[in-house]
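Visitor: protein-v3.cif is the file, holding mmCIF, C-alpha atoms:
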data_my_file
loop_
_atom_site.label_atom_id
_atom_site.label_comp_id
_atom_site.auth_asym_id
_atom_site.auth_seq_id
_atom_site.Cartn_x
_atom_site.Cartn_y
_atom_site.Cartn_z
CA MET P 170 85.37 102.04 112.50
CA LYS P 171 85.87 98.70 114.23
CA ILE P 172 88.83 98.55 116.64
CA ALA P 173 90.07 95.40 118.37
CA VAL P 174 91.87 95.92 121.69
CA TYR P 175 94.13 93.58 123.65
CA ASP P 176 96.50 94.31 126.53
CA THR P 177 98.24 92.15 129.12
CA ASP P 178 96.49 94.33 131.69
CA THR P 179 92.97 93.02 131.13
CA TYR P 180 91.36 95.56 133.45
CA TYR P 181 92.97 98.43 131.54
CA ALA P 182 91.87 97.01 128.16
CA LYS P 183 88.28 96.65 129.41
CA ARG P 184 88.29 100.26 130.63
CA VAL P 185 89.55 101.55 127.26
CA CYS P 186 86.83 99.67 125.38
CA SER P 187 84.13 100.76 127.80
CA ILE P 188 85.02 104.45 127.87
CA LEU P 189 85.67 104.90 124.14
CA SER P 190 82.56 102.92 123.20
CA GLU P 191 80.41 105.02 125.45
CA LYS P 192 81.82 108.43 124.46
CA TYR P 193 82.26 107.83 120.73
CA LYS P 194 79.69 105.17 119.83
CA GLN P 195 78.81 107.07 116.63
CA GLU P 196 82.40 106.81 115.37
CA LEU P 197 84.03 103.80 117.00
CA GLU P 198 83.14 100.18 117.69
CA LEU P 199 85.51 98.72 120.31
CA VAL P 200 85.97 94.96 120.64
CA LEU P 201 87.89 93.41 123.54
CA ILE P 202 89.97 90.37 122.51
CA ASP P 203 92.46 88.07 124.21
CA GLU P 204 95.91 86.94 123.07
CA LYS P 205 94.57 83.77 121.43
CA GLN P 206 92.31 85.82 119.19
CA VAL P 207 95.00 88.19 117.87
CA GLU P 208 96.00 86.14 114.81
CA ALA P 209 92.38 85.70 113.69
CA VAL P 210 91.61 89.38 114.21
CA LEU P 211 94.61 90.42 112.08
CA ALA P 212 93.07 88.43 109.23
CA ASP P 213 89.55 89.80 109.80
CA ALA P 214 88.69 92.33 107.07
CA SER P 215 85.93 93.88 109.18
CA VAL P 216 88.46 95.18 111.74
CA SER P 217 90.12 98.46 110.75
CA VAL P 218 92.62 98.80 113.61
CA CYS P 219 94.11 96.35 116.07
CA ILE P 220 95.72 97.81 119.24
CA LEU P 221 98.14 95.49 121.04
CA PRO P 222 100.66 95.71 123.89
CA GLU P 223 104.12 96.98 122.93
CA SER P 224 105.61 93.66 124.07
CA MET P 225 104.02 91.94 121.03
CA ARG P 226 105.56 94.26 118.46
CA ASP P 227 108.45 92.03 117.35
CA GLY P 228 106.23 88.99 116.92
CA ILE P 229 103.60 90.58 114.67
CA GLN P 230 103.94 90.46 110.92
CA GLN P 231 102.34 93.44 109.18
CA LYS P 232 99.31 92.36 107.20
CA GLU P 233 96.42 94.06 105.43
CA LYS P 234 95.60 95.61 108.79
CA MET P 235 96.76 98.70 110.66
CA VAL P 236 98.33 97.74 113.99
CA MET P 237 99.01 100.16 116.86
CA TYR P 238 100.76 99.45 120.14
CA PHE P 239 100.06 100.62 123.68
CA THR P 240 103.15 102.15 125.26
CA GLU P 241 103.85 103.76 128.62
CA ASN P 242 103.86 107.55 128.65
CA ARG P 243 107.47 108.65 128.26
CA GLY P 244 107.02 112.37 127.92
CA GLY P 245 106.79 114.41 124.75
CA ASP P 246 103.76 115.58 122.83
CA GLU P 247 103.33 112.57 120.57
CA PRO P 248 104.31 108.90 120.82
CA ALA P 249 106.62 107.66 118.09
CA GLY P 250 105.43 105.79 114.99
CA ASN P 251 102.40 103.58 115.50
CA HIS P 252 102.50 103.72 119.30
CA ILE P 253 99.75 105.13 121.46
CA PHE P 254 100.21 106.36 125.03
CA LYS P 255 98.20 104.36 127.56
CA TYR P 256 97.41 107.07 130.07
CA VAL P 257 95.88 109.95 128.17
CA LYS P 258 92.41 111.48 128.04
CA PRO P 259 89.83 109.57 125.96
CA GLU P 260 89.61 112.32 123.34
CA GLN P 261 93.40 112.28 122.94
CA MET P 262 93.39 108.52 122.44
CA LYS P 263 90.54 108.73 119.95
CA ASP P 264 92.25 111.53 118.00
CA ARG P 265 95.53 109.62 117.96
CA ILE P 266 93.85 106.50 116.54
CA LEU P 267 91.91 108.38 113.86
CA THR P 268 94.83 110.60 112.82
CA TYR P 269 97.22 107.70 112.46
CA TYR P 270 94.61 105.59 110.68
CA LYS P 271 93.93 108.32 108.10
CA ARG P 272 97.65 108.82 107.52
CA GLU P 273 98.24 105.11 107.03
CA GLN P 274 95.29 104.85 104.68
CA MET P 275 96.84 107.60 102.58
CA TYR P 276 100.46 106.49 102.59
CA THR P 277 100.64 102.76 103.33
CA CYS P 278 100.40 100.36 100.41
CA ARG P 279 98.46 97.10 100.47
CA ASP P 280 99.28 94.25 98.09
CA SER P 281 95.65 93.98 97.00
CA GLU P 282 95.20 97.68 96.18
CA LYS P 283 94.27 98.39 92.58
CA ILE P 284 96.13 101.10 90.67
CA LYS P 285 93.63 103.57 89.19
CA GLY P 286 94.76 104.77 85.79
CA ASN P 287 96.73 103.49 82.82
CA VAL P 288 100.17 101.99 83.48
CA ILE P 289 102.40 101.93 80.39
CA THR P 290 105.87 100.42 80.76
CA PHE P 291 108.59 101.09 78.19
CA MET P 292 111.30 98.46 78.36
CA SER P 293 114.62 99.08 76.65
CA LEU P 294 116.22 96.27 74.65
CA GLY P 295 119.46 98.19 74.26
CA ASN P 296 121.02 101.62 74.46
CA GLY P 297 120.40 104.06 71.65
CA MET P 298 117.05 102.70 70.41
CA GLY P 299 115.18 105.73 71.73
CA ASN P 300 113.19 104.10 74.53
CA SER P 301 113.43 107.15 76.81
CA SER P 302 112.74 109.69 74.08
CA VAL P 303 109.62 107.79 72.99
CA ALA P 304 108.36 107.46 76.58
CA ALA P 305 109.05 111.16 77.29
CA GLY P 306 107.40 112.26 74.04
CA ILE P 307 104.26 110.23 74.76
CA ALA P 308 104.14 111.66 78.30
CA LYS P 309 104.18 115.16 76.78
CA HIS P 310 101.44 114.13 74.34
CA PHE P 311 99.16 113.05 77.17
CA ALA P 312 99.90 116.22 79.18
CA MET P 313 99.02 118.42 76.22
CA ASN P 314 95.75 116.52 75.70
CA GLY P 315 94.20 116.88 79.13
CA LYS P 316 95.58 113.84 80.96
CA LYS P 317 97.68 113.83 84.17
CA PRO P 318 100.74 111.77 83.17
CA ILE P 319 103.80 111.01 85.24
CA TYR P 320 107.04 109.90 83.60
CA ILE P 321 109.04 107.66 85.96
CA ASN P 322 112.53 106.83 84.75
CA LEU P 323 113.96 103.91 86.74
CA ARG P 324 116.97 103.15 84.55
CA PRO P 325 120.09 102.91 86.75
CA PHE P 326 122.15 105.53 84.97
CA HIS P 327 122.07 109.13 83.86
CA THR P 328 119.25 109.89 81.43
CA SER P 329 119.33 112.59 78.80
CA GLY P 330 117.58 115.86 79.44
CA TYR P 331 114.23 115.25 77.83
CA PHE P 332 112.75 117.36 80.62
CA GLU P 333 114.00 120.50 82.31
CA THR P 334 116.07 119.91 85.47
CA GLN P 335 114.71 121.71 88.52
CA GLN P 336 116.97 123.57 90.94
CA ASN P 337 116.38 121.28 93.93
CA GLU P 338 115.50 118.11 92.06
CA ALA P 339 116.82 114.90 93.62
CA SER P 340 117.53 111.68 91.77
CA ILE P 341 115.50 108.55 92.60
CA GLY P 342 118.76 106.68 93.18
CA GLN P 343 119.96 109.22 95.72
CA MET P 344 116.62 109.27 97.50
CA LEU P 345 116.61 105.46 97.75
CA ALA P 346 120.10 105.66 99.22
CA ASP P 347 118.95 108.22 101.80
CA ILE P 348 115.95 106.07 102.75
CA SER P 349 118.19 103.05 103.12
CA VAL P 350 120.69 104.86 105.36
CA LYS P 351 118.59 107.46 107.20
CA GLY P 352 115.13 105.91 107.08
CA GLY P 353 112.02 107.18 105.37
CA SER P 354 109.42 105.95 102.92
CA LEU P 355 108.45 106.05 99.27
CA LEU P 356 106.39 109.10 100.17
CA ASP P 357 109.70 111.00 100.26
CA ILE P 358 110.23 110.08 96.60
CA ALA P 359 106.68 111.02 95.59
CA ALA P 360 107.13 114.40 97.29
CA ASN P 361 110.07 115.17 94.95
CA MET P 362 107.99 115.16 91.76
CA HIS P 363 107.92 118.28 89.63
CA HIS P 364 106.02 119.43 86.56
CA ASP P 365 107.64 119.81 83.17
CA SER P 366 106.63 122.80 81.07
CA SER P 367 104.25 120.52 79.17
CA GLY P 368 102.43 119.67 82.42
CA ALA P 369 103.78 116.15 82.83
CA LEU P 370 105.03 115.08 86.26
CA ILE P 371 108.61 113.82 86.39
CA LEU P 372 110.56 111.36 88.57
CA ARG P 373 113.92 110.12 87.33
CA ASN P 374 117.51 109.15 87.81
CA PHE P 375 120.12 111.58 86.58
CA GLU P 376 123.14 110.12 88.30
CA ASP P 377 125.16 107.04 87.43
CA ILE P 378 124.43 104.83 90.43
CA ALA P 379 125.86 101.58 89.08
CA GLY P 380 122.82 99.63 90.22
CA LEU P 381 123.48 100.26 93.93
CA TYR P 382 120.09 101.73 94.78
CA GLN P 383 117.54 100.53 92.27
CA MET P 384 113.88 100.10 93.06
CA SER P 385 112.67 96.58 93.70
CA GLY P 386 109.61 95.28 91.89
CA GLU P 387 107.56 95.66 95.07
CA GLN P 388 108.71 99.26 95.52
CA ILE P 389 107.60 100.04 91.97
CA ARG P 390 104.15 98.65 92.74
CA GLN P 391 103.91 100.59 96.01
CA LEU P 392 104.99 103.88 94.41
CA LEU P 393 102.29 103.51 91.74
CA GLN P 394 99.72 102.74 94.43
CA LEU P 395 100.67 105.88 96.37
CA LEU P 396 100.46 108.10 93.30
CA SER P 397 97.16 106.53 92.24
CA ARG P 398 95.54 106.69 95.68
CA ASN P 399 96.32 110.38 96.04
CA GLU P 400 95.10 111.09 92.48
CA LEU P 401 98.41 112.66 91.50
CA ALA P 402 98.34 111.06 88.06
CA ASP P 403 96.04 109.07 85.79
CA VAL P 404 98.66 107.81 83.31
CA PHE P 405 101.89 106.23 84.56
CA LEU P 406 104.75 105.91 82.06
CA ILE P 407 107.61 103.78 83.40
CA ASP P 408 110.98 103.73 81.65
CA LEU P 409 112.89 100.54 82.52
CA GLN P 410 116.01 98.70 81.45
CA MET P 411 115.22 95.22 80.12
CA GLU P 412 118.41 93.72 81.52
CA ASN P 413 116.90 93.65 85.02
CA THR P 414 114.66 90.60 84.67
CA ALA P 415 113.77 90.79 88.38
CA TYR P 416 111.18 93.39 87.34
CA LEU P 417 109.36 91.17 84.86
CA GLN P 418 106.71 89.64 87.12
CA THR P 419 105.79 93.00 88.70
CA VAL P 420 105.83 94.79 85.34
CA TRP P 421 103.45 92.22 83.88
CA GLU P 422 101.09 92.46 86.84
CA VAL P 423 100.85 96.26 87.06
CA SER P 424 101.04 97.25 83.38
CA ASP P 425 98.15 97.76 80.99
CA HIS P 426 100.61 97.99 78.10
CA ILE P 427 104.27 97.01 77.77
CA CYS P 428 106.03 98.80 74.91
CA PHE P 429 109.32 97.90 73.28
CA VAL P 430 111.09 100.41 71.06
CA LEU P 431 112.88 98.71 68.14
CA ASP P 432 114.94 99.94 65.23
CA GLY P 433 113.78 97.23 62.81
CA SER P 434 117.19 95.54 62.71
CA ARG P 435 117.68 91.78 62.77
CA MET P 436 119.44 92.04 66.14
CA GLY P 437 116.50 93.99 67.58
CA ASN P 438 114.07 91.35 66.31
CA GLN P 439 116.13 88.57 67.88
CA LYS P 440 116.11 90.35 71.25
CA MET P 441 112.36 90.79 70.95
CA LYS P 442 111.86 87.07 70.46
CA LYS P 443 113.76 86.38 73.68
CA VAL P 444 111.63 88.91 75.52
CA LEU P 445 108.39 87.33 74.32
CA THR P 446 109.67 83.96 75.50
CA LEU P 447 110.31 85.39 78.99
CA PHE P 448 106.87 86.98 79.22
CA SER P 449 105.12 83.89 77.84
CA GLU P 450 106.46 82.01 80.87
CA ILE P 451 104.40 84.41 83.01
CA ASP P 452 101.33 84.40 80.76
CA PRO P 453 101.30 82.04 77.74
CA GLU P 454 98.53 84.07 76.09
CA LEU P 455 100.52 87.35 76.38
CA ASP P 456 97.08 88.95 76.83
CA GLY P 457 97.61 91.68 74.20
CA LYS P 458 99.78 93.74 76.55
CA VAL P 459 103.01 93.65 74.54
CA GLN P 460 103.33 96.26 71.81
CA ILE P 461 106.15 97.45 69.56
CA ILE P 462 107.06 100.95 68.42
CA PHE P 463 109.65 101.36 65.66
CA ASN P 464 111.86 104.40 66.08
CA GLY P 465 114.37 106.27 63.97
CA PHE P 466 114.01 104.21 60.79
CA LYS P 467 114.95 105.55 57.34
CA ILE P 468 113.29 102.80 55.31
CA MET P 469 110.37 100.57 56.23
CA PRO P 470 111.60 98.41 59.13
CA GLY P 471 111.67 94.65 58.82
CA VAL P 472 108.75 93.23 60.78
CA GLU P 473 108.81 89.60 61.82
CA LYS P 474 105.52 87.88 60.98
CA GLU P 475 104.93 86.94 64.62
CA PHE P 476 105.29 90.63 65.60
CA GLU P 477 102.88 92.17 63.07
CA GLU P 478 99.83 92.31 65.32
CA LYS P 479 101.92 93.83 68.13
CA VAL P 480 103.18 96.84 66.13
CA LEU P 481 101.60 100.05 67.44
CA GLY P 482 103.31 102.54 65.14
CA GLY P 483 106.58 104.06 64.05
CA ILE P 484 108.64 107.25 64.10
CA ARG P 485 110.75 108.06 61.05
CA TYR P 486 114.32 109.27 61.24
CA VAL P 487 114.72 113.02 60.65
CA GLU P 488 118.09 114.27 59.45
CA ASN P 489 119.86 116.66 61.88
CA ALA P 490 116.82 116.79 64.15
CA GLN P 491 117.32 118.46 67.52
CA LYS P 492 116.03 117.02 70.78
CA GLU P 493 113.04 119.37 70.84
CA ASP P 494 112.15 118.40 67.25
CA VAL P 495 112.23 114.70 68.11
CA LEU P 496 110.03 115.14 71.17
CA HIS P 497 107.57 117.28 69.21
CA GLN P 498 107.41 114.65 66.48
CA ILE P 499 106.73 111.86 68.99
CA SER P 500 104.21 113.87 71.02
CA SER P 501 102.25 114.53 67.82
CA MET P 502 101.87 110.83 66.93
CA SER P 503 98.25 109.71 67.07
CA PHE P 504 99.08 106.13 68.06
CA SER P 505 99.69 107.31 71.63
CA GLU P 506 95.93 107.28 72.22
CA GLU P 507 95.88 103.52 71.58
CA LEU P 508 97.81 103.11 74.82
CA LEU P 509 94.82 104.36 76.83
CA LYS P 510 92.56 101.53 75.65
#
I'd like the structure from this file rewritten - as structure tokens, please.

Guide:
Amino acid sequence: MKIAVYDTDTYYAKRVCSILSEKYKQELELVLIDEKQVEAVLADASVSVCILPESMRDGIQQKEKMVMYFTENRGGDEPAGNHIFKYVKPEQMKDRILTYYKREQMYTCRDSEKIKGNVITFMSLGNGMGNSSVAAGIAKHFAMNGKKPIYINLRPFHTSGYFETQQNEASIGQMLADISVKGGSLLDIAANMHHDSSGALILRNFEDIAGLYQMSGEQIRQLLQLLSRNELADVFLIDLQMENTAYLQTVWEVSDHICFVLDGSRMGNQKMKKVLTLFSEIDPELDGKVQIIFNGFKIMPGVEKEFEEKVLGGIRYVENAQKEDVLHQISSMSFSEELLK
């Protein structure tokens, strides 16, 4: 691991580099830098950690690099956050650097990090079309067929009980509110996941939060990166409300498939045309990502000619069907496997 070190006390910085390099040359490579080199080092991919004086903290923008700060010993067993006490034994300093580095590697998201697994986003064009029931049913299908799916419902209102509610389950909206007020990270949200009886992992809103604490596009990306990095899931099913167009760019970038659930009505087709126009502004080719699932139809739904190649499948209306029957019907549909290609 390559570590760049700078401190306003040049003698101290030299001593740190000398001692750690000598004692731990098999693990650490220490490089002494000066203030003029800091910006270049922060952009240097070969450097894993950059340790700077605490006085520089406010002027450093976090980049694709882990930054720690020397601080004076103020008592206590551990320095706060990404600080490191200056006057400790070499082994304590080495352990502090490695422990914090490993933690950051596990929990800190980088913009360039690739999400490992299939990301399938279900975007609702209106209430009552069955977007959530289709997404939940497909999540159950994957769970019952050996995959590790997670269903993430980010719609800003109460969602129906397609999955069992756990005793201590917290809503995403409430957790975002707590993070905003009390501090914390997306790791707190990931830690609240639970398994449904089918084996699918669940994260959702079940409170009406009136849009006060919705995830940003960047937070969606970071949550997926965390879940992927820690191998908690290999299929990510995101249930979103189309009305929030701020998500569109992120959704397009992270998704392997974007599914729209339609009822085959003329109004639904008109909404779909508008959606395709919005996405074509991001990628004129549409790249084969957009797919349509017809739900709850009694007769063959009307399919616009321009939509034909995007239709993945359909789910017929069943008279007096209960929630469990609907989910079983959806989870048994073979077209779900097409979403893994």

Visitor: Any idea what the distance is between atom CA of P:Gln195 and atom CA of P:Ala214?

Guide: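 Those two atoms sit 20.2 Å apart.
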
Visitor: The PyMOL selection byres ((chain P and resi 428) around 12) on the file shown: which residues, as a VMD selection string?

Guide: chain P and resid 288 to 294 299 to 301 303 to 304 307 406 to 411 420 to 421 424 to 427 429 to 431 441 444 to 445 457 to 464 479 to 482 505 507 to 508

Visitor: Find the distance between atom CA of P:Lys317 and atom CA of P:Thr268 and write it in Å to one decimal.

Guide: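 Atom CA of P:Thr268 lies 29.0 Å from atom CA of P:Lys317.
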
Visitor: Could you tell me which of P:Glu260, P:Leu396, P:Ser449, P:Leu197 comes closest to P:Lys285 if we count only C-alpha atoms?

Guide: P:Leu396

Visitor: Hey, which of P:Asn361, P:Ser501, P:Asp176, P:Ser217 ends up closest to P:Lys205? Count all atoms listed in the file.

Guide: P:Asp176

Visitor: Compare P:Lys271, P:Ala308, P:Ile341, P:Ile202 by their minimum atom-to-atom distance to P:Asp403, counting all atoms listed in the file, and give me the closest one.

Guide: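 The answer is P:Ala308, which sits nearest to P:Asp403.
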
Visitor: Which neighbours of P:Ile319 fall inside 7 Å, counting all atoms listed in the file, when residues of the same chain fewer than 5 positions from it are skipped, and could you give them as a list of chain:residue names?

Guide: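 Residues meeting the cut-off are P:Ala308, P:Ala369, P:Leu370, P:Ile371, P:Ala402, P:Val404, P:Phe405, P:Leu406.
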
Visitor: Can you tell me how far atom CA of P:Ser215 sits from atom CA of P:Ala182, in Å to one decimal?

Guide: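 It comes out at 20.1 Å.
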
Visitor: Written as a PyMOL selection string, what is the full residue list that the PyMOL selection byres ((chain P and resi 221) around 8) yields on the file shown?

Guide: chain P and resi 174-176+219-220+222-223+225-226+236-239

Visitor: Can you turn the PyMOL selection byres ((chain P and resi 198) around 12) into a concrete residue list for this file, as a PyMOL selection string?

Guide: chain P and resi 170-174+185-197+199-201+215-219+263

Visitor: Write out as a PyMOL selection string which residues come within 9 Å of P:Lys255 when counting all atoms listed in the file, dropping same-chain ones fewer than 3 positions away.

Guide: chain P and resi 181+239-242+262

Visitor: Find, counting only C-alpha atoms, the residue in P:Phe448, P:Phe504, P:Tyr320, P:Phe332 that gets nearest to P:Gln418.

Guide: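 Checking each candidate against P:Gln418, we get P:Phe448 as the closest.
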
Visitor: Which one of P:Lys316, P:Gly437, P:Tyr416, P:Ser224 sits closest to P:Gly286 if you count all atoms listed in the file?

Guide: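 Selected residue with least distance to P:Gly286: P:Lys316.
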
Visitor: So, counting only C-alpha atoms, which residue among P:Arg184, P:Glu506, P:Gln388, P:Gln439 is closest to P:Tyr256?

Guide: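 That would be P:Arg184, the residue with the smallest distance to P:Tyr256.
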
Visitor: N, CA and C atoms for stretch 387-418 of chain P, written as an mmCIF file, in the coordinates of the input, could you do that?

Guide:
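Saved the output as result-v5.cif:
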data_model
loop_
_atom_site.group_PDB
_atom_site.id
_atom_site.type_symbol
_atom_site.label_atom_id
_atom_site.label_comp_id
_atom_site.auth_asym_id
_atom_site.auth_seq_id
_atom_site.Cartn_x
_atom_site.Cartn_y
_atom_site.Cartn_z
ATOM 1 N N GLU P 387 108.589 95.318 94.099
ATOM 2 C CA GLU P 387 107.560 95.660 95.070
ATOM 3 C C GLU P 387 107.515 97.163 95.328
ATOM 4 N N GLN P 388 108.688 97.815 95.337
ATOM 5 C CA GLN P 388 108.710 99.260 95.520
ATOM 6 C C GLN P 388 108.065 99.982 94.342
ATOM 7 N N ILE P 389 108.255 99.454 93.141
ATOM 8 C CA ILE P 389 107.600 100.040 91.970
ATOM 9 C C ILE P 389 106.090 99.976 92.135
ATOM 10 N N ARG P 390 105.588 98.806 92.534
ATOM 11 C CA ARG P 390 104.150 98.650 92.740
ATOM 12 C C ARG P 390 103.632 99.628 93.801
ATOM 13 N N GLN P 391 104.346 99.732 94.906
ATOM 14 C CA GLN P 391 103.910 100.590 96.010
ATOM 15 C C GLN P 391 103.925 102.066 95.619
ATOM 16 N N LEU P 392 104.932 102.482 94.850
ATOM 17 C CA LEU P 392 104.990 103.880 94.410
ATOM 18 C C LEU P 392 103.791 104.205 93.524
ATOM 19 N N LEU P 393 103.450 103.303 92.607
ATOM 20 C CA LEU P 393 102.290 103.510 91.740
ATOM 21 C C LEU P 393 101.006 103.572 92.561
ATOM 22 N N GLN P 394 100.899 102.723 93.570
ATOM 23 C CA GLN P 394 99.720 102.740 94.430
ATOM 24 C C GLN P 394 99.579 104.078 95.162
ATOM 25 N N LEU P 395 100.697 104.590 95.673
ATOM 26 C CA LEU P 395 100.670 105.880 96.370
ATOM 27 C C LEU P 395 100.214 107.001 95.438
ATOM 28 N N LEU P 396 100.790 107.046 94.257
ATOM 29 C CA LEU P 396 100.460 108.100 93.300
ATOM 30 C C LEU P 396 99.006 107.993 92.863
ATOM 31 N N SER P 397 98.537 106.763 92.660
ATOM 32 C CA SER P 397 97.160 106.530 92.240
ATOM 33 C C SER P 397 96.179 106.902 93.339
ATOM 34 N N ARG P 398 96.455 106.459 94.565
ATOM 35 C CA ARG P 398 95.540 106.690 95.680
ATOM 36 C C ARG P 398 95.334 108.179 95.933
ATOM 37 N N ASN P 399 96.395 108.942 95.786
ATOM 38 C CA ASN P 399 96.320 110.380 96.040
ATOM 39 C C ASN P 399 95.967 111.182 94.791
ATOM 40 N N GLU P 400 95.576 110.476 93.725
ATOM 41 C CA GLU P 400 95.100 111.090 92.480
ATOM 42 C C GLU P 400 96.088 112.105 91.922
ATOM 43 N N LEU P 401 97.371 111.775 92.024
ATOM 44 C CA LEU P 401 98.410 112.660 91.500
ATOM 45 C C LEU P 401 98.622 112.459 90.008
ATOM 46 N N ALA P 402 98.184 111.331 89.489
ATOM 47 C CA ALA P 402 98.340 111.060 88.060
ATOM 48 C C ALA P 402 97.279 110.059 87.625
ATOM 49 N N ASP P 403 96.964 110.067 86.321
ATOM 50 C CA ASP P 403 96.040 109.070 85.790
ATOM 51 C C ASP P 403 96.659 108.260 84.655
ATOM 52 N N VAL P 404 97.884 108.622 84.251
ATOM 53 C CA VAL P 404 98.660 107.810 83.310
ATOM 54 C C VAL P 404 100.081 107.704 83.848
ATOM 55 N N PHE P 405 100.571 106.476 83.994
ATOM 56 C CA PHE P 405 101.890 106.230 84.560
ATOM 57 C C PHE P 405 102.786 105.645 83.476
ATOM 58 N N LEU P 406 103.835 106.377 83.098
ATOM 59 C CA LEU P 406 104.750 105.910 82.060
ATOM 60 C C LEU P 406 106.081 105.550 82.721
ATOM 61 N N ILE P 407 106.417 104.267 82.718
ATOM 62 C CA ILE P 407 107.610 103.780 83.400
ATOM 63 C C ILE P 407 108.669 103.426 82.369
ATOM 64 N N ASP P 408 109.861 103.965 82.553
ATOM 65 C CA ASP P 408 110.980 103.730 81.650
ATOM 66 C C ASP P 408 111.976 102.804 82.348
ATOM 67 N N LEU P 409 112.086 101.566 81.845
ATOM 68 C CA LEU P 409 112.890 100.540 82.520
ATOM 69 C C LEU P 409 113.947 99.961 81.589
ATOM 70 N N GLN P 410 114.958 99.398 82.181
ATOM 71 C CA GLN P 410 116.010 98.700 81.450
ATOM 72 C C GLN P 410 115.693 97.211 81.438
ATOM 73 N N MET P 411 115.631 96.615 80.250
ATOM 74 C CA MET P 411 115.220 95.220 80.120
ATOM 75 C C MET P 411 116.168 94.252 80.819
ATOM 76 N N GLU P 412 117.429 94.638 80.964
ATOM 77 C CA GLU P 412 118.410 93.720 81.520
ATOM 78 C C GLU P 412 118.063 93.254 82.928
ATOM 79 N N ASN P 413 117.275 94.038 83.662
ATOM 80 C CA ASN P 413 116.900 93.650 85.020
ATOM 81 C C ASN P 413 115.635 92.798 84.965
ATOM 82 N N THR P 414 115.800 91.488 84.802
ATOM 83 C CA THR P 414 114.660 90.600 84.670
ATOM 84 C C THR P 414 113.906 90.401 85.982
ATOM 85 N N ALA P 415 114.469 90.899 87.097
ATOM 86 C CA ALA P 415 113.770 90.790 88.380
ATOM 87 C C ALA P 415 112.477 91.598 88.364
ATOM 88 N N TYR P 416 112.373 92.562 87.437
ATOM 89 C CA TYR P 416 111.180 93.390 87.340
ATOM 90 C C TYR P 416 110.036 92.693 86.603
ATOM 91 N N LEU P 417 110.316 91.659 85.845
ATOM 92 C CA LEU P 417 109.360 91.170 84.860
ATOM 93 C C LEU P 417 108.000 90.815 85.440
ATOM 94 N N GLN P 418 107.975 90.065 86.538
ATOM 95 C CA GLN P 418 106.710 89.640 87.120
ATOM 96 C C GLN P 418 105.868 90.852 87.549
#
